[in-house]
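A quick write-up on the structure given underneath.
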Amino acid sequence: MSIFDKYFSSKKLSQPVNMAAIGIDMHSHLIPGIDDGVTSVNQSISLIRKMCDMGYRKLITTPHIQGEVYKNTPEIILNGLDEMRQAIKKEGINIQLEAAAEYLLDDKFIEKFESKNLMTFGDKYLLVELSYFSPHPNLFSFIFDLQIEGYKVILAHPERYSYWFNNFKKYEELKDRGVFFQLNVISLGGYYDIPPKKMAEKLVDAGMIDFLGTDMHNENYMTGLQNVRTEKYLDKLLSTGKIMNDRI
Ligand SMILES: [Fe+2]
């Protein structure tokens, strides 16, 4: 065994983590044809069956709602949810499916916020994402406005915003303001490359992660999810008992 093999094997578990320890997934794109996630009912069913086999017992799927790109409405999402629930029943898969949304905090988001018709889950948890390219100029005031209305803001995949990689203070500020962090579990396996993996590990080490999500879009994500189950950092995170997925 080379020194490199030794290094990587030292970071691997001998047995995969049982995802039943997470129980509920709260970030995925499993409604066909309405965002960049699954494109057909069959593809969605295939992924859902595999997630069920891995130990997940409930999936809260969260289609994108983004300005002019993904103009999804609660009606579109709930119709898709109905269709997928029927398909799951027909296939005899023993898993619960619910839906909310993943909102991009952009200028168009204000209209949705003012309509008071945001899709949340559990006790008013709201999943939001940010641009990957540039920091939001008024992020803190946006978050404050949401919290005043009683929303519990969950920031999706904080480990993927590269403009903060050399500014860890931003993460601390968000946590100080009561923002929950949802890690994409596949980041721990290097799915998005090494820098997001490093940031994911740093956030785990700092005890900042509250939720784990698969962000399931397609079979590539599924492969990432299957592989990440032997990452020691996943086991480390779950052993802290801080992950709230099962308490939604
Ligand atoms: Fe997502």
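Just remember, in the structure tokens the first chain shown is A, the second B, etc., residues are 1-based per chain, and ligands are 1-based in the order shown.
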Legend entry - All residues 10 Å or closer to Leu237 (chain A), only C-alpha atoms, same chain fewer than 4 positions away omitted, as a PyMOL selection string: chain A and resi 201+203-205+207+209-210+212+232-233+241-243
Those same residues, written as a PDB file, in the first residue's frame with N, CA and C atoms?
```pdb
ATOM      1  N   GLU A 201     -15.640  20.004   5.850  1.00  0.00           N
ATOM      2  CA  GLU A 201     -14.977  19.428   7.027  1.00  0.00           C
ATOM      3  C   GLU A 201     -14.732  20.500   8.086  1.00  0.00           C
ATOM      4  N   LEU A 203     -16.560  23.161   8.594  1.00  0.00           N
ATOM      5  CA  LEU A 203     -17.850  23.479   9.228  1.00  0.00           C
ATOM      6  C   LEU A 203     -18.271  22.360  10.187  1.00  0.00           C
ATOM      7  N   VAL A 204     -17.969  21.124   9.832  1.00  0.00           N
ATOM      8  CA  VAL A 204     -18.249  20.001  10.747  1.00  0.00           C
ATOM      9  C   VAL A 204     -17.396  20.163  12.014  1.00  0.00           C
ATOM     10  N   ASP A 205     -16.113  20.426  11.816  1.00  0.00           N
ATOM     11  CA  ASP A 205     -15.201  20.586  12.966  1.00  0.00           C
ATOM     12  C   ASP A 205     -15.656  21.723  13.881  1.00  0.00           C
ATOM     13  N   GLY A 207     -18.634  22.552  14.442  1.00  0.00           N
ATOM     14  CA  GLY A 207     -19.954  22.249  15.032  1.00  0.00           C
ATOM     15  C   GLY A 207     -21.059  23.125  14.477  1.00  0.00           C
ATOM     16  N   ILE A 209     -22.928  22.595  11.590  1.00  0.00           N
ATOM     17  CA  ILE A 209     -23.910  21.969  10.686  1.00  0.00           C
ATOM     18  C   ILE A 209     -25.137  21.500  11.483  1.00  0.00           C
ATOM     19  N   ASP A 210     -26.312  21.892  10.995  1.00  0.00           N
ATOM     20  CA  ASP A 210     -27.578  21.540  11.670  1.00  0.00           C
ATOM     21  C   ASP A 210     -28.361  20.472  10.913  1.00  0.00           C
ATOM     22  N   LEU A 212     -28.514  17.764   7.267  1.00  0.00           N
ATOM     23  CA  LEU A 212     -27.830  17.112   6.146  1.00  0.00           C
ATOM     24  C   LEU A 212     -28.839  16.916   5.019  1.00  0.00           C
ATOM     25  N   LYS A 232     -15.239   9.019   7.001  1.00  0.00           N
ATOM     26  CA  LYS A 232     -15.185   9.148   8.465  1.00  0.00           C
ATOM     27  C   LYS A 232     -15.860  10.439   8.948  1.00  0.00           C
ATOM     28  N   TYR A 233     -15.768  11.498   8.131  1.00  0.00           N
ATOM     29  CA  TYR A 233     -16.363  12.769   8.560  1.00  0.00           C
ATOM     30  C   TYR A 233     -17.883  12.672   8.685  1.00  0.00           C
ATOM     31  N   GLY A 241     -24.676  14.034  17.409  1.00  0.00           N
ATOM     32  CA  GLY A 241     -26.090  14.110  17.847  1.00  0.00           C
ATOM     33  C   GLY A 241     -26.707  15.467  17.597  1.00  0.00           C
ATOM     34  N   LYS A 242     -25.997  16.332  16.867  1.00  0.00           N
ATOM     35  CA  LYS A 242     -26.511  17.696  16.628  1.00  0.00           C
ATOM     36  C   LYS A 242     -27.390  17.814  15.392  1.00  0.00           C
ATOM     37  N   ILE A 243     -27.325  16.810  14.527  1.00  0.00           N
ATOM     38  CA  ILE A 243     -28.077  16.890  13.263  1.00  0.00           C
ATOM     39  C   ILE A 243     -29.579  16.794  13.556  1.00  0.00           C
TER      40      ILE A 243
END
```
Inset, instruction - Can you pull out every residue within 8 Å of Ser14 (chain A), counting only C-alpha atoms, but drop anything in the same chain fewer than 2 positions away, and send it as a list of chain:residue names? - result: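 Contacts, in chain order: A:Lys12, A:Pro16, A:Thr230.
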Legend entry - A:Phe113, A:Tyr103, A:Phe211, A:Tyr70 ranked by distance to ligand 1, top pick (using only C-alpha atoms and all ligand atoms):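 Distance minimum relative to ligand 1 lands on A:Tyr103.
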Legend entry - ligand 1 neighbours within 8 Å using only C-alpha atoms and all ligand atoms, as a ChimeraX atom specification: /A:27-29,62-64,102,129,156,215-217
Inset, instruction - Rank A:Pro74, A:Pro137, A:Gly80, A:Gly37 by their smallest atom-to-atom distance to Ala101 (chain A), using only C-alpha atoms, and report the top residue only. - result: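 Nearest candidate to Ala101 (chain A) out of A:Pro74, A:Pro137, A:Gly80, A:Gly37: A:Pro74.
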